[in-house]
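Here the structure is laid out as C-alpha cells; the discussion comes afterwards.
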Amino acid sequence: MQKIVFNAHYLMYFDTAIAEYWRALALPYEEAMDMLGGDLYVKKVSLEYASSARFDDQLSIGLKCVRIGSSSIEFAAATFRGHELLVSGSLIYVFADPRTQTSKPVPDLLRELLKGYEAGESVCSVSVGSWSDLGQGAGPLRVEVFVDEQGVPQEMEYDSDDAGAIHAVARNRLGQVLATGRLLAPAPGRGKIGRMAVKRVMRGAGLGRDMLDALTAAAVQRSDTEIVLHAQRSAEGFYQRAGFASRGEPFDEAGIPHVEMFKRLS
C-alpha cells in the first residue's frame with residue numbers, strides 16, 4: 001500500500017474549504033444565492049501535485065478568490081503540511097440561472113463583497129439600538145431560532161421587555177440579519193443579556209461573540225457594574241470563554257436546561 005491520500009480526496013478538501021469561504025464571507029449560502037438570483041456551478045478544476053499527504057498528517061487548506069470575470073469566479077486553492085505545499089489547484093465557477101443553468105453576469109453585490117473580503121474589509125456590521133429601530137430584523141431571526149428550531153412557544157418568545165431593551169443586530173453586506181441579542185435593566189447597575197440568537201448556518205463564525213461584546217459595551221456605557229444571563233447549558237462553555245461564571249443550580253426555561261451566569265464590569 002502507498003499509505004498516501006488518494007488524489008481525488010484533495011477535491012473534497014477544496015470543496016469543504018469553499019463552504020467555509022462562504023461562512024467567512026458571512027453568507028448563508030442558499031439564502032444568499034436566492035437573493036442574488038442565481039447559483040454557482042463548477043466549470044473547471046485543475047490540480048497540480050507536488051507531494052503526497054500521508055495517513056495522520058495534519059493539513060491546512062488555503063483558498064483565495066483570484067479573478068472575477070463577467071460570469072465566472074476563479075479561486076486558487078492549496079493544501080499544506082506545515083509550510084510544505086503538497087497540492088495546488090484552480091477552481092472556476094460560473095454564476096448561472098438555477099432553472100436553466102445558463103450563465104448570468106456575476107451580481108455587483110457579490111463582486112464587491114468578494115473584492116472587499118480579499119482586501120481585508122469587514123463582511124459584517126453590528127447595529128445597537130431600540131426595538132423600533134431593529135425589531136424588524138431581530139424578530140424574524142428569533143422566531144427562526146427559538147420557535148422554529150428549538151420549539152419554544154411563540155407566546156413565550158415575545159414579551160413586553162423588548163420595547164425598553166437595548167438590542168444588537170449583525171447584518172452581512174447583503175443586509176441579511178445573522179445574529180441578535182438584547183440587554184435589559186432589571187435593577188440599577190445590573191444588566192441582563194438575553195434572546196441571543198445566531199442563524200444556524202452561521203454558528204461558529206464569531207457572530208455570537210460580536211453580539212455579546214456589543215451588548216456588554218452598552219452595559220458599560222450606562223455604568224452597569226454586573227451583567228447576568230440565562231445560558232442554555234449547551235452554550236455554557238461559550239459564555240465561560242467570554243469571562244462569565246456560572247451561579248446557582250441549573251434550571252429549565254421553556255423546556256430547555258439553563259444556568260445563570262454573571263460577569264463583573266469595571
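Letters for chains follow the order of the C-alpha cells (A, B, ...), residue numbers begin at 1 for each chain, and ligand numbers begin at 1 in the order shown.
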
Report task. May I have the residues within 10 Å of Val42 of chain A as a list in words, using only C-alpha atoms and disregarding those fewer than 5 positions away in the same chain? Result ->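 Counting only C-alpha atoms, the residues come to Ser72, Ile73, Glu74, Leu91, Ile92, Tyr93, Val94 and Phe95 of chain A.
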
For C-alpha atoms, I'd like the residues from the last selection saved as a compact mmCIF listing (two decimals), in the first residue's frame.
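selection-v2.txt, freshly written:
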# COMPACT_ATOMS: atom_id res chain seq x y z
CA SER A 72 -17.14 33.36 -13.77
CA ILE A 73 -15.21 33.35 -10.49
CA GLU A 74 -11.83 31.69 -10.09
CA LEU A 91 -11.42 26.11 -9.29
CA ILE A 92 -13.56 28.04 -11.76
CA TYR A 93 -17.26 28.57 -11.05
CA VAL A 94 -19.92 30.09 -13.29
CA PHE A 95 -22.80 32.14 -11.91

Query raised in the report: What's the 10 Å shell around Ser46 of chain A, counting only C-alpha atoms, without same-chain residues fewer than 4 positions away, as an MDAnalysis selection string?
Result: chainID A and resid 11 76:77 88:92

Query raised in the report: Near Arg222 of chain A, counting only C-alpha atoms, which residues have an atom at most 10 Å away, once you skip same-chain residues fewer than 3 positions from it, shown as a PyMOL selection string?
Result: chain A and resi 185+189-191+217-219+225

Requested in this report: Write out as an MDAnalysis selection string all residues of segment 104-244 of chain A that DSSP puts in alpha helix (DSSP H) for this structure's backbone.
Outcome: chainID A and resid 108:118 131:142 154:157 207:221 236:241

Mind dumping the selected residues with C-alpha atoms as a JSON list (two decimals), in the first residue's frame?
[["chain", "number", "residue", "atom", "x", "y", "z"],
["A", 108, "ASP", "CA", -22.35, 43.61, -8.45],
["A", 109, "LEU", "CA", -23.14, 42.92, -4.78],
["A", 110, "LEU", "CA", -21.30, 39.60, -4.90],
["A", 111, "ARG", "CA", -18.44, 41.05, -6.94],
["A", 112, "GLU", "CA", -17.88, 43.87, -4.45],
["A", 113, "LEU", "CA", -18.20, 41.52, -1.48],
["A", 114, "LEU", "CA", -15.52, 39.18, -2.84],
["A", 115, "LYS", "CA", -13.18, 42.04, -3.66],
["A", 116, "GLY", "CA", -13.74, 43.65, -0.27],
["A", 117, "TYR", "CA", -13.15, 40.44, 1.64],
["A", 118, "GLU", "CA", -9.89, 39.74, -0.21],
["A", 131, "TRP", "CA", -36.71, 47.65, 19.23],
["A", 132, "SER", "CA", -38.40, 50.21, 16.99],
["A", 133, "ASP", "CA", -35.11, 50.54, 15.10],
["A", 134, "LEU", "CA", -34.02, 46.90, 14.99],
["A", 135, "GLY", "CA", -37.04, 44.75, 15.78],
["A", 136, "GLN", "CA", -37.98, 44.27, 12.13],
["A", 137, "GLY", "CA", -34.69, 42.43, 11.64],
["A", 138, "ALA", "CA", -34.28, 40.81, 15.06],
["A", 139, "GLY", "CA", -37.83, 39.46, 15.38],
["A", 140, "PRO", "CA", -37.87, 37.04, 12.41],
["A", 141, "LEU", "CA", -34.45, 35.62, 13.33],
["A", 142, "ARG", "CA", -35.57, 34.98, 16.91],
["A", 154, "GLN", "CA", -44.20, 31.78, 20.19],
["A", 155, "GLU", "CA", -46.13, 33.45, 23.01],
["A", 156, "MET", "CA", -43.07, 32.96, 25.24],
["A", 157, "GLU", "CA", -40.68, 34.37, 22.67],
["A", 207, "LEU", "CA", -21.17, 36.36, 15.48],
["A", 208, "GLY", "CA", -22.37, 35.32, 18.93],
["A", 209, "ARG", "CA", -19.27, 36.89, 20.45],
["A", 210, "ASP", "CA", -19.89, 40.05, 18.40],
["A", 211, "MET", "CA", -23.37, 40.31, 19.92],
["A", 212, "LEU", "CA", -22.07, 39.66, 23.42],
["A", 213, "ASP", "CA", -19.34, 42.28, 23.06],
["A", 214, "ALA", "CA", -21.76, 44.89, 21.67],
["A", 215, "LEU", "CA", -24.25, 44.38, 24.49],
["A", 216, "THR", "CA", -21.52, 44.33, 27.13],
["A", 217, "ALA", "CA", -20.21, 47.64, 25.77],
["A", 218, "ALA", "CA", -23.73, 49.07, 26.02],
["A", 219, "ALA", "CA", -23.92, 47.92, 29.66],
["A", 220, "VAL", "CA", -20.57, 49.55, 30.43],
["A", 221, "GLN", "CA", -21.69, 52.76, 28.72],
["A", 236, "GLU", "CA", -22.18, 27.43, 28.84],
["A", 237, "GLY", "CA", -18.63, 26.98, 27.54],
["A", 238, "PHE", "CA", -19.09, 29.82, 25.05],
["A", 239, "TYR", "CA", -20.00, 32.26, 27.83],
["A", 240, "GLN", "CA", -17.21, 31.00, 30.10],
["A", 241, "ARG", "CA", -14.69, 31.82, 27.38]]

Query - Contacts of Arg54 of chain A at 10 Å (only C-alpha atoms; same-chain gap of 4+ positions) as number ranges by chain - result: A: 2-6, 58-59, 81

Report task. Kindly give the distance, in Å, that separates atom CA of Glu30 of chain A and atom CA of Ala235 of chain A, rounded to a single decimal. Result ->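 According to the coordinates, atom CA of Glu30 of chain A and atom CA of Ala235 of chain A are separated by 25.9 Å.
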
**Report entry** Every residue of segment 29-223 of chain A that DSSP places in strand (DSSP E or B), as a VMD selection string
**Finding:** chain A and resid 39 to 49 54 60 to 68 72 to 81 84 to 96 103 124 to 129 166 to 172 177 to 187 190 to 198

Report task. Measuring atom to atom with only C-alpha atoms, identify which of A:Tyr29, A:Trp22, A:Phe14, A:Tyr41 is nearest to Gly62 of chain A. Result ->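 Closest to Gly62 of chain A of all the choices is A:Phe14.
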
Query raised in the report: Excluding same-chain residues fewer than 5 positions from Pro188 of chain A, what lies within 10 Å of it counting only C-alpha atoms, as a ChimeraX atom specification?
Result: /A:223-226

For the residues selected in the previous step, produce a file with C-alpha atoms as a short mmCIF file (atom, residue, chain, number, x, y, z; two decimals), in the first residue's frame.
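Listed below is the output, part_11.cif:
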data_model
loop_
_atom_site.label_atom_id
_atom_site.label_comp_id
_atom_site.auth_asym_id
_atom_site.auth_seq_id
_atom_site.Cartn_x
_atom_site.Cartn_y
_atom_site.Cartn_z
CA SER A 223 -22.45 52.30 34.07
CA ASP A 224 -23.73 48.81 34.89
CA THR A 225 -21.46 47.00 37.35
CA GLU A 226 -22.65 43.46 36.57
#

Query raised in the report: Do you know which residues are at most 7 Å from segment 159-171 of chain A counting only C-alpha atoms, after dropping those on the same chain fewer than 4 positions away, and could you put them as a list in words?
Result: Cys124, Ser125, Val126, Ser127, Val128, Gly129, Ser130, Trp131, Leu134, Ala138, Gly175, Gln176, Val177, Leu178, Ala179, Thr180, Gly181, Arg182, Leu183, Leu184, Met211, Ala214 and Leu215 of chain A

Query raised in the report: Which of these residues is nearest to Glu121 of chain A, using only C-alpha atoms: A:Leu25, A:Thr100, A:Val143, A:Leu40?
Result: A:Leu25

Requested in this report: Record the distance separating atom CA of Val198 of chain A and atom CA of Val145 of chain A, expressed in Å with one decimal.
Outcome: 7.4 Å
